[in-house]
file protein-v6.cif (mmCIF, C-alpha atoms and all ligand atoms)
data_entry
#
loop_
_atom_site.label_atom_id
_atom_site.label_comp_id
_atom_site.auth_asym_id
_atom_site.auth_seq_id
_atom_site.Cartn_x
_atom_site.Cartn_y
_atom_site.Cartn_z
CA MET A 1 -3.91 -22.07 14.25
CA ASN A 2 -0.31 -21.31 15.27
CA LYS A 3 1.30 -19.49 12.29
CA ASN A 4 4.98 -18.67 12.01
CA ILE A 5 7.09 -17.22 9.19
CA ARG A 6 10.86 -17.62 9.20
CA LEU A 7 13.85 -18.07 6.92
CA ALA A 8 14.36 -21.63 5.70
CA CYS A 9 17.29 -23.78 6.86
CA ALA A 10 19.49 -25.80 4.49
CA ASN A 11 18.13 -29.13 5.73
CA GLU A 12 14.58 -28.04 4.82
CA LEU A 13 15.30 -27.53 1.11
CA PRO A 14 14.22 -31.07 0.06
CA GLN A 15 10.88 -30.56 1.85
CA ILE A 16 10.40 -27.15 0.21
CA ALA A 17 11.31 -28.51 -3.25
CA PHE A 18 8.86 -31.39 -2.70
CA LEU A 19 6.07 -28.97 -1.75
CA ASP A 20 6.96 -26.81 -4.76
CA ARG A 21 6.69 -29.88 -7.07
CA ARG A 22 3.28 -30.75 -5.64
CA VAL A 23 1.74 -27.30 -6.14
CA ASN A 24 3.62 -25.61 -8.99
CA LYS A 25 3.59 -26.54 -12.67
CA THR A 26 6.79 -24.51 -13.03
CA SER A 27 8.54 -25.88 -9.96
CA TRP A 28 12.24 -25.62 -9.23
CA GLY A 29 14.77 -28.40 -8.78
CA MET A 30 17.01 -28.80 -5.74
CA ILE A 31 19.92 -27.12 -7.51
CA GLN A 32 17.96 -23.88 -7.84
CA TYR A 33 17.05 -23.98 -4.15
CA GLU A 34 20.63 -24.70 -3.14
CA GLU A 35 21.84 -21.79 -5.27
CA CYS A 36 19.31 -19.52 -3.58
CA LEU A 37 20.56 -20.41 -0.16
CA VAL A 38 24.14 -19.35 -0.97
CA ASN A 39 23.11 -16.22 -2.91
CA LYS A 40 23.06 -13.37 -0.39
CA ASN A 41 20.42 -11.51 -2.45
CA HIS A 42 18.00 -14.42 -2.30
CA LYS A 43 15.85 -15.40 0.64
CA ILE A 44 13.65 -18.43 1.19
CA TYR A 45 10.91 -17.99 3.78
CA VAL A 46 8.68 -20.75 5.08
CA LEU A 47 5.24 -20.51 6.61
CA GLU A 48 4.68 -23.01 9.41
CA ILE A 49 1.32 -24.00 10.78
CA ASN A 50 1.55 -25.83 14.08
CA HIS A 51 5.27 -26.35 13.30
CA ASP A 52 4.63 -27.94 9.86
CA ILE A 53 5.89 -26.21 6.72
CA CYS A 54 2.76 -25.50 4.65
CA GLY A 55 4.01 -22.69 2.42
CA PHE A 56 7.09 -20.96 1.12
CA VAL A 57 8.18 -17.96 -0.86
CA VAL A 58 11.49 -17.28 -2.59
CA ILE A 59 12.51 -13.64 -2.89
CA ALA A 60 15.32 -11.80 -4.63
CA VAL A 61 16.33 -8.40 -3.27
CA ASN A 62 18.26 -5.96 -5.41
CA PHE A 63 18.71 -2.65 -3.56
CA ASP A 64 15.14 -1.33 -3.21
CA GLU A 65 13.65 -3.76 -5.76
CA VAL A 66 12.18 -7.07 -4.73
CA GLU A 67 11.26 -9.97 -6.99
CA ILE A 68 9.00 -12.81 -5.97
CA LEU A 69 10.62 -15.82 -7.63
CA GLN A 70 8.57 -18.74 -6.37
CA LEU A 71 5.55 -19.18 -4.11
CA GLY A 72 3.44 -22.08 -2.97
CA ILE A 73 0.88 -23.03 -0.35
CA ASP A 74 0.11 -26.69 0.36
CA ALA A 75 -3.19 -27.63 -1.33
CA LYS A 76 -4.93 -28.46 1.93
CA TYR A 77 -4.19 -24.97 3.27
CA GLN A 78 -5.11 -22.98 0.16
CA ASN A 79 -7.92 -20.42 0.13
CA GLN A 80 -7.48 -19.58 3.80
CA GLY A 81 -5.66 -16.29 3.33
CA LEU A 82 -2.23 -17.81 3.93
CA ALA A 83 -0.44 -16.63 0.76
CA THR A 84 -1.74 -13.13 1.49
CA PHE A 85 -0.47 -13.41 5.06
CA LEU A 86 2.92 -14.78 3.97
CA LEU A 87 3.55 -12.17 1.27
CA THR A 88 2.27 -9.25 3.34
CA GLU A 89 4.43 -10.21 6.30
CA VAL A 90 7.58 -10.95 4.27
CA LEU A 91 7.32 -7.68 2.33
CA SER A 92 6.78 -5.76 5.56
CA ARG A 93 9.91 -7.36 7.10
CA LEU A 94 11.97 -6.64 3.98
CA ASP A 95 10.71 -3.06 3.89
CA LYS A 96 12.08 -2.49 7.39
CA GLN A 97 15.49 -3.70 6.19
CA TYR A 98 15.70 -2.33 2.63
CA ILE A 99 12.91 0.28 2.22
CA ILE A 100 11.23 -1.39 -0.73
CA GLY A 101 10.34 0.62 -3.84
CA LYS A 102 8.89 -1.84 -6.31
CA VAL A 103 8.01 -5.54 -6.23
CA PHE A 104 8.04 -7.62 -9.43
CA LEU A 105 6.97 -11.12 -10.36
CA GLU A 106 6.19 -13.34 -13.33
CA VAL A 107 3.17 -15.59 -13.48
CA THR A 108 1.84 -17.98 -16.10
CA ILE A 109 -1.00 -16.37 -18.05
CA ASN A 110 -3.46 -19.12 -17.09
CA ASN A 111 -2.61 -19.29 -13.37
CA PHE A 112 -5.88 -17.63 -12.38
CA PRO A 113 -5.66 -18.19 -8.58
CA ALA A 114 -2.19 -16.61 -8.45
CA ILE A 115 -3.15 -13.72 -10.73
CA ALA A 116 -6.23 -13.06 -8.56
CA LEU A 117 -4.04 -13.12 -5.44
CA TYR A 118 -1.54 -10.66 -6.87
CA LYS A 119 -4.24 -8.30 -8.18
CA LYS A 120 -5.92 -8.36 -4.78
CA MET A 121 -2.59 -7.37 -3.24
CA GLY A 122 -2.33 -4.39 -5.61
CA PHE A 123 -0.07 -5.78 -8.36
CA THR A 124 -0.77 -4.66 -11.92
CA GLN A 125 0.34 -6.20 -15.19
CA ILE A 126 3.16 -4.20 -16.78
CA SER A 127 4.27 -6.49 -19.57
CA THR A 128 4.02 -9.93 -21.18
CA ARG A 129 6.72 -12.42 -22.15
CA LYS A 130 5.53 -14.50 -25.09
CA ASP A 131 5.87 -18.29 -24.74
CA TYR A 132 8.03 -17.85 -21.66
CA TYR A 133 6.92 -20.97 -19.80
CA ILE A 134 7.14 -24.42 -21.37
CA ILE A 135 4.93 -26.91 -19.54
CA GLY A 136 5.02 -30.34 -21.13
CA SER A 137 4.63 -29.69 -24.84
CA ASP A 138 2.74 -26.42 -24.36
CA LYS A 139 4.03 -22.87 -24.27
CA PHE A 140 2.44 -20.18 -22.13
CA ASP A 141 2.98 -16.44 -21.93
CA ALA A 142 4.25 -14.96 -18.69
CA LEU A 143 2.59 -11.89 -17.23
CA ILE A 144 5.02 -9.53 -15.57
CA MET A 145 3.35 -7.83 -12.65
CA MET A 146 4.49 -5.00 -10.44
CA LEU A 147 3.49 -3.54 -7.11
CA ASP A 148 4.58 0.01 -6.33
CA TYR A 149 5.19 -0.86 -2.69
CA ALA A 150 6.47 2.56 -1.71
CA LYS A 151 3.20 4.13 -2.85
CA SER A 152 0.88 1.38 -1.61
C1 LIG B 201 -1.63 -19.04 -5.70
C2 LIG B 201 -1.56 -19.54 -4.27
C3 LIG B 201 -0.18 -19.26 -3.70
C4 LIG B 201 -2.62 -18.78 -3.43
O1 LIG B 201 -2.49 -19.18 -2.08
P1 LIG B 201 -3.71 -19.08 -1.06
O2 LIG B 201 -3.15 -19.21 0.32
O3 LIG B 201 -4.75 -20.03 -1.45
O4 LIG B 201 -4.21 -17.59 -1.32
P2 LIG B 201 -5.14 -16.73 -0.35
O5 LIG B 201 -6.03 -17.63 0.43
O6 LIG B 201 -4.29 -15.76 0.40
O7 LIG B 201 -6.05 -15.98 -1.42
C5 LIG B 201 -5.93 -14.62 -1.68
C6 LIG B 201 -6.73 -14.28 -2.92
O8 LIG B 201 -6.21 -14.99 -4.03
C7 LIG B 201 -7.29 -15.34 -4.91
N1 LIG B 201 -7.39 -16.81 -4.99
C8 LIG B 201 -6.75 -17.72 -4.22
N2 LIG B 201 -7.07 -18.96 -4.64
C9 LIG B 201 -7.92 -18.82 -5.67
C10 LIG B 201 -8.60 -19.73 -6.53
N3 LIG B 201 -8.45 -21.06 -6.38
N4 LIG B 201 -9.36 -19.23 -7.51
C11 LIG B 201 -9.52 -17.89 -7.68
N5 LIG B 201 -8.92 -16.97 -6.88
C12 LIG B 201 -8.12 -17.44 -5.91
C13 LIG B 201 -8.53 -14.70 -4.35
O9 LIG B 201 -8.63 -13.40 -4.85
C14 LIG B 201 -8.19 -14.65 -2.88
O10 LIG B 201 -8.89 -13.67 -2.19
P3 LIG B 201 -10.36 -14.01 -1.59
O11 LIG B 201 -10.19 -15.25 -0.77
O12 LIG B 201 -10.69 -12.82 -0.79
O13 LIG B 201 -11.23 -14.22 -2.77
C15 LIG B 201 -1.90 -21.05 -4.15
O14 LIG B 201 -3.10 -21.30 -4.86
C16 LIG B 201 -0.82 -21.95 -4.70
O15 LIG B 201 0.10 -22.34 -3.98
N6 LIG B 201 -0.95 -22.28 -6.00
C17 LIG B 201 0.01 -23.16 -6.67
C18 LIG B 201 1.37 -22.52 -6.82
C19 LIG B 201 1.31 -21.19 -7.55
O16 LIG B 201 0.53 -20.99 -8.46
N7 LIG B 201 2.19 -20.27 -7.13
C20 LIG B 201 2.31 -18.96 -7.72
C21 LIG B 201 3.26 -19.00 -8.88
S1 LIG B 201 3.44 -17.39 -9.60
#
call {"tool": "encode", "arguments": {"input": "protein-v6.cif", "output": "C-alpha cells", "more": "lines below"}}
Ligand SMILES: CC(C)(COP(=O)(O)OP(=O)(O)OC[C@H]1O[C@@H](n2cnc3c(N)ncnc32)[C@H](O)[C@@H]1OP(=O)(O)O)[C@@H](O)C(=O)NCCC(=O)NCCS
result
Amino acid sequence: MNKNIRLACANELPQIAFLDRRVNKTSWGMIQYEECLVNKNHKIYVLEINHDICGFVVIAVNFDEVEILQLGIDAKYQNQGLATFLLTEVLSRLDKQYIIGKVFLEVTINNFPAIALYKKMGFTQISTRKDYYIIGSDKFDALIMMLDYAKS
C-alpha cells in the first residue's frame, strides 16, 4: 500500500467535499472548504493510497494551538489504522513548524468510532456543548476533547 500525505490543491476541493458528504453526518459545503484554502491559519491535508484520495483532515493553527476541524476516511479504507496514521503524521509535521502545545476538537456525542480513535490517541473530554449539532430534526451534544501534545 503506497501511502502519501500532502496539502490539498484547490482543484481537489470538490472531491474532498464529496468524500466528506459520504462519511460525515456533519459534513461541510464547498464554501467552507474554499474559505479554508484562502485562510492562512487553515490547512487541508489529504491521504492518498496508490495516488487516490481516501482521507482528509482540516486543521486550524493558532500560534501553538491546533484544532482538528474535519476528518474523514473513505468507508472502504476504515479500520485499517489510516486515521491514526494521518493525524499522527500531520501533528508531527505541524509540531516541527509551530511547536504544538494543545490540540482541540469537537465530536458528536454518539460518534463512537471517532471518540474511540481520539481517546486512543490520548485525547480527553474537557467539556460538552449542549445540542451543538443539528442532524436532520435531532440535536446532539458536542464533546470537546483536548490532547496535551507538548506533554504527550
Ligand atoms: C472516525 C474515522 C475517521 C476513523 O478512521 P479509521 O481510519 O477507521 O480509524 P483507525 O483505523 O485509525 O482506528 C483507530 C482507532 O479508532 C477506533 N475505531 C475506529 N473505527 C471504529 C469503529 N467502527 N468502532 C469502534 N472504534 C473504532 C478504534 O479504537 C481504533 O483502534 P483499534 O483499531 O486499535 O481498535 C472514520 O471512521 C470516519 O471517517 N468516520 C466518519 C467521519 C467521522 O466521524 N469523522 C470524525 C468527525 S469528528
call {"tool": "axis_aligned_box", "arguments": {"input": "protein-v6.cif", "around": "ligand LIG 201 (chain B)", "padding_each_side": "4 Å", "output": "JSON"}}
result
{"center_x": -3.9, "center_y": -18.0, "center_z": -4.6, "size_x": 22.7, "size_y": 18.3, "size_z": 18.0}
call {"tool": "closest_residue", "arguments": {"input": "protein-v6.cif", "among": "A:Pro113, A:Ile31, A:Tyr118, A:Met145", "to": "A:Asn79", "atoms": "all atoms listed in the file"}}
result
A:Pro113
call {"tool": "closest_residue", "arguments": {"input": "protein-v6.cif", "among": "A:Lys139, A:Arg21, A:Arg6, A:Lys130", "to": "ligand LIG 201 (chain B)", "atoms": "only C-alpha atoms and all ligand atoms"}}
result
A:Arg21
call {"tool": "atom_distance", "arguments": {"input": "protein-v6.cif", "atom1": "atom CA of A:Asp148", "atom2": "atom CA of A:Leu82"}}
result
21.7 Å
call {"tool": "residues_near_ligand", "arguments": {"input": "protein-v6.cif", "ligand": "ligand LIG 201 (chain B)", "cutoff": "6 Å", "atoms": "only C-alpha atoms and all ligand atoms", "output": "PDB file with C-alpha atoms, in the frame of the given file"}}
result
ATOM      1  CA  VAL A  23       1.740 -27.300  -6.140  1.00  0.00           C
ATOM      2  CA  ASN A  24       3.620 -25.610  -8.990  1.00  0.00           C
ATOM      3  CA  GLN A  70       8.570 -18.740  -6.370  1.00  0.00           C
ATOM      4  CA  LEU A  71       5.550 -19.180  -4.110  1.00  0.00           C
ATOM      5  CA  GLY A  72       3.440 -22.080  -2.970  1.00  0.00           C
ATOM      6  CA  ILE A  73       0.880 -23.030  -0.350  1.00  0.00           C
ATOM      7  CA  GLN A  78      -5.110 -22.980   0.160  1.00  0.00           C
ATOM      8  CA  ASN A  79      -7.920 -20.420   0.130  1.00  0.00           C
ATOM      9  CA  GLN A  80      -7.480 -19.580   3.800  1.00  0.00           C
ATOM     10  CA  GLY A  81      -5.660 -16.290   3.330  1.00  0.00           C
ATOM     11  CA  LEU A  82      -2.230 -17.810   3.930  1.00  0.00           C
ATOM     12  CA  ALA A  83      -0.440 -16.630   0.760  1.00  0.00           C
ATOM     13  CA  THR A  84      -1.740 -13.130   1.490  1.00  0.00           C
ATOM     14  CA  VAL A 107       3.170 -15.590 -13.480  1.00  0.00           C
ATOM     15  CA  PHE A 112      -5.880 -17.630 -12.380  1.00  0.00           C
ATOM     16  CA  PRO A 113      -5.660 -18.190  -8.580  1.00  0.00           C
ATOM     17  CA  ALA A 114      -2.190 -16.610  -8.450  1.00  0.00           C
ATOM     18  CA  ALA A 116      -6.230 -13.060  -8.560  1.00  0.00           C
ATOM     19  CA  LEU A 117      -4.040 -13.120  -5.440  1.00  0.00           C
ATOM     20  CA  LYS A 120      -5.920  -8.360  -4.780  1.00  0.00           C
TER      21      LYS A 120
END
call {"tool": "closest_residue", "arguments": {"input": "protein-v6.cif", "among": "A:Phe140, A:Tyr77, A:Phe63, A:Tyr133", "to": "A:Lys102", "atoms": "only C-alpha atoms"}}
result
A:Phe63
call {"tool": "residues_around", "arguments": {"input": "protein-v6.cif", "residues": "stretch 41-51 of chain A", "least_positions_apart": "2", "cutoff": "9 Å", "atoms": "only C-alpha atoms", "output": "PyMOL selection string"}}
result
chain A and resi 1-9+16+33+35-39+53-62+73+82+86+90
call {"tool": "residues_around", "arguments": {"input": "protein-v6.cif", "residues": "A:Lys151", "least_positions_apart": "4", "cutoff": "10 Å", "atoms": "only C-alpha atoms", "output": "ChimeraX atom specification"}}
result
/A:100-102,147
call {"tool": "closest_residue", "arguments": {"input": "protein-v6.cif", "among": "A:Ala142, A:Leu19, A:Leu13, A:Met30", "to": "A:Asn110", "atoms": "only C-alpha atoms"}}
result
A:Ala142
call {"tool": "residues_around", "arguments": {"input": "protein-v6.cif", "residues": "A:Ser92", "least_positions_apart": "5", "cutoff": "12 Å", "atoms": "all atoms listed in the file", "output": "compact mmCIF listing (two decimals) with C-alpha atoms, in the frame of the given file"}}
result
# COMPACT_ATOMS: atom_id res chain seq x y z
CA VAL A 66 12.18 -7.07 -4.73
CA THR A 84 -1.74 -13.13 1.49
CA PHE A 85 -0.47 -13.41 5.06
CA LEU A 86 2.92 -14.78 3.97
CA LEU A 87 3.55 -12.17 1.27
CA GLN A 97 15.49 -3.70 6.19
CA TYR A 98 15.70 -2.33 2.63
CA ILE A 99 12.91 0.28 2.22
CA ILE A 100 11.23 -1.39 -0.73
CA GLY A 101 10.34 0.62 -3.84
CA VAL A 103 8.01 -5.54 -6.23
CA TYR A 149 5.19 -0.86 -2.69
CA ALA A 150 6.47 2.56 -1.71
CA SER A 152 0.88 1.38 -1.61
call {"tool": "atom_distance", "arguments": {"input": "protein-v6.cif", "atom1": "atom CA of A:Thr128", "atom2": "atom CA of A:Ile144"}}
result
5.7 Å
call {"tool": "closest_residue", "arguments": {"input": "protein-v6.cif", "among": "A:Asp64, A:Asp52, A:Ile126, A:Asp138", "to": "A:Lys96", "atoms": "only C-alpha atoms"}}
result
A:Asp64
call {"tool": "closest_residue", "arguments": {"input": "protein-v6.cif", "among": "A:Glu106, A:Glu34, A:Asp20, A:Glu12", "to": "A:Glu67", "atoms": "only C-alpha atoms"}}
result
A:Glu106
call {"tool": "build_atoms", "arguments": {"input": "protein-v6.cif", "residues": "stretch 55-68 of chain A", "atoms": "N, CA and C atoms", "output": "PDB file, keeping the file's coordinate frame"}}
result
ATOM      1  N   GLY A  55       3.867 -23.658   3.502  1.00  0.00           N
ATOM      2  CA  GLY A  55       4.010 -22.690   2.420  1.00  0.00           C
ATOM      3  C   GLY A  55       5.415 -22.136   2.381  1.00  0.00           C
ATOM      4  N   PHE A  56       5.744 -21.532   1.262  1.00  0.00           N
ATOM      5  CA  PHE A  56       7.090 -20.960   1.120  1.00  0.00           C
ATOM      6  C   PHE A  56       7.031 -19.847   0.089  1.00  0.00           C
ATOM      7  N   VAL A  57       8.008 -18.965   0.179  1.00  0.00           N
ATOM      8  CA  VAL A  57       8.180 -17.960  -0.860  1.00  0.00           C
ATOM      9  C   VAL A  57       9.675 -17.717  -1.030  1.00  0.00           C
ATOM     10  N   VAL A  58      10.091 -17.578  -2.287  1.00  0.00           N
ATOM     11  CA  VAL A  58      11.490 -17.280  -2.590  1.00  0.00           C
ATOM     12  C   VAL A  58      11.545 -15.866  -3.154  1.00  0.00           C
ATOM     13  N   ILE A  59      12.441 -15.076  -2.590  1.00  0.00           N
ATOM     14  CA  ILE A  59      12.510 -13.640  -2.890  1.00  0.00           C
ATOM     15  C   ILE A  59      13.918 -13.286  -3.332  1.00  0.00           C
ATOM     16  N   ALA A  60      14.022 -12.394  -4.299  1.00  0.00           N
ATOM     17  CA  ALA A  60      15.320 -11.800  -4.630  1.00  0.00           C
ATOM     18  C   ALA A  60      15.244 -10.317  -4.277  1.00  0.00           C
ATOM     19  N   VAL A  61      16.283  -9.831  -3.636  1.00  0.00           N
ATOM     20  CA  VAL A  61      16.330  -8.400  -3.270  1.00  0.00           C
ATOM     21  C   VAL A  61      17.499  -7.770  -3.996  1.00  0.00           C
ATOM     22  N   ASN A  62      17.209  -6.675  -4.696  1.00  0.00           N
ATOM     23  CA  ASN A  62      18.260  -5.960  -5.410  1.00  0.00           C
ATOM     24  C   ASN A  62      18.096  -4.467  -5.074  1.00  0.00           C
ATOM     25  N   PHE A  63      18.869  -4.007  -4.102  1.00  0.00           N
ATOM     26  CA  PHE A  63      18.710  -2.650  -3.560  1.00  0.00           C
ATOM     27  C   PHE A  63      17.257  -2.477  -3.089  1.00  0.00           C
ATOM     28  N   ASP A  64      16.513  -1.531  -3.703  1.00  0.00           N
ATOM     29  CA  ASP A  64      15.140  -1.330  -3.210  1.00  0.00           C
ATOM     30  C   ASP A  64      14.109  -2.105  -4.034  1.00  0.00           C
ATOM     31  N   GLU A  65      14.591  -2.961  -4.951  1.00  0.00           N
ATOM     32  CA  GLU A  65      13.650  -3.760  -5.760  1.00  0.00           C
ATOM     33  C   GLU A  65      13.609  -5.194  -5.260  1.00  0.00           C
ATOM     34  N   VAL A  66      12.389  -5.701  -5.205  1.00  0.00           N
ATOM     35  CA  VAL A  66      12.180  -7.070  -4.730  1.00  0.00           C
ATOM     36  C   VAL A  66      11.507  -7.844  -5.854  1.00  0.00           C
ATOM     37  N   GLU A  67      11.933  -9.111  -6.026  1.00  0.00           N
ATOM     38  CA  GLU A  67      11.260  -9.970  -6.990  1.00  0.00           C
ATOM     39  C   GLU A  67      10.784 -11.238  -6.276  1.00  0.00           C
ATOM     40  N   ILE A  68       9.525 -11.560  -6.504  1.00  0.00           N
ATOM     41  CA  ILE A  68       9.000 -12.810  -5.970  1.00  0.00           C
ATOM     42  C   ILE A  68       9.294 -13.883  -7.006  1.00  0.00           C
TER      43      ILE A  68
END
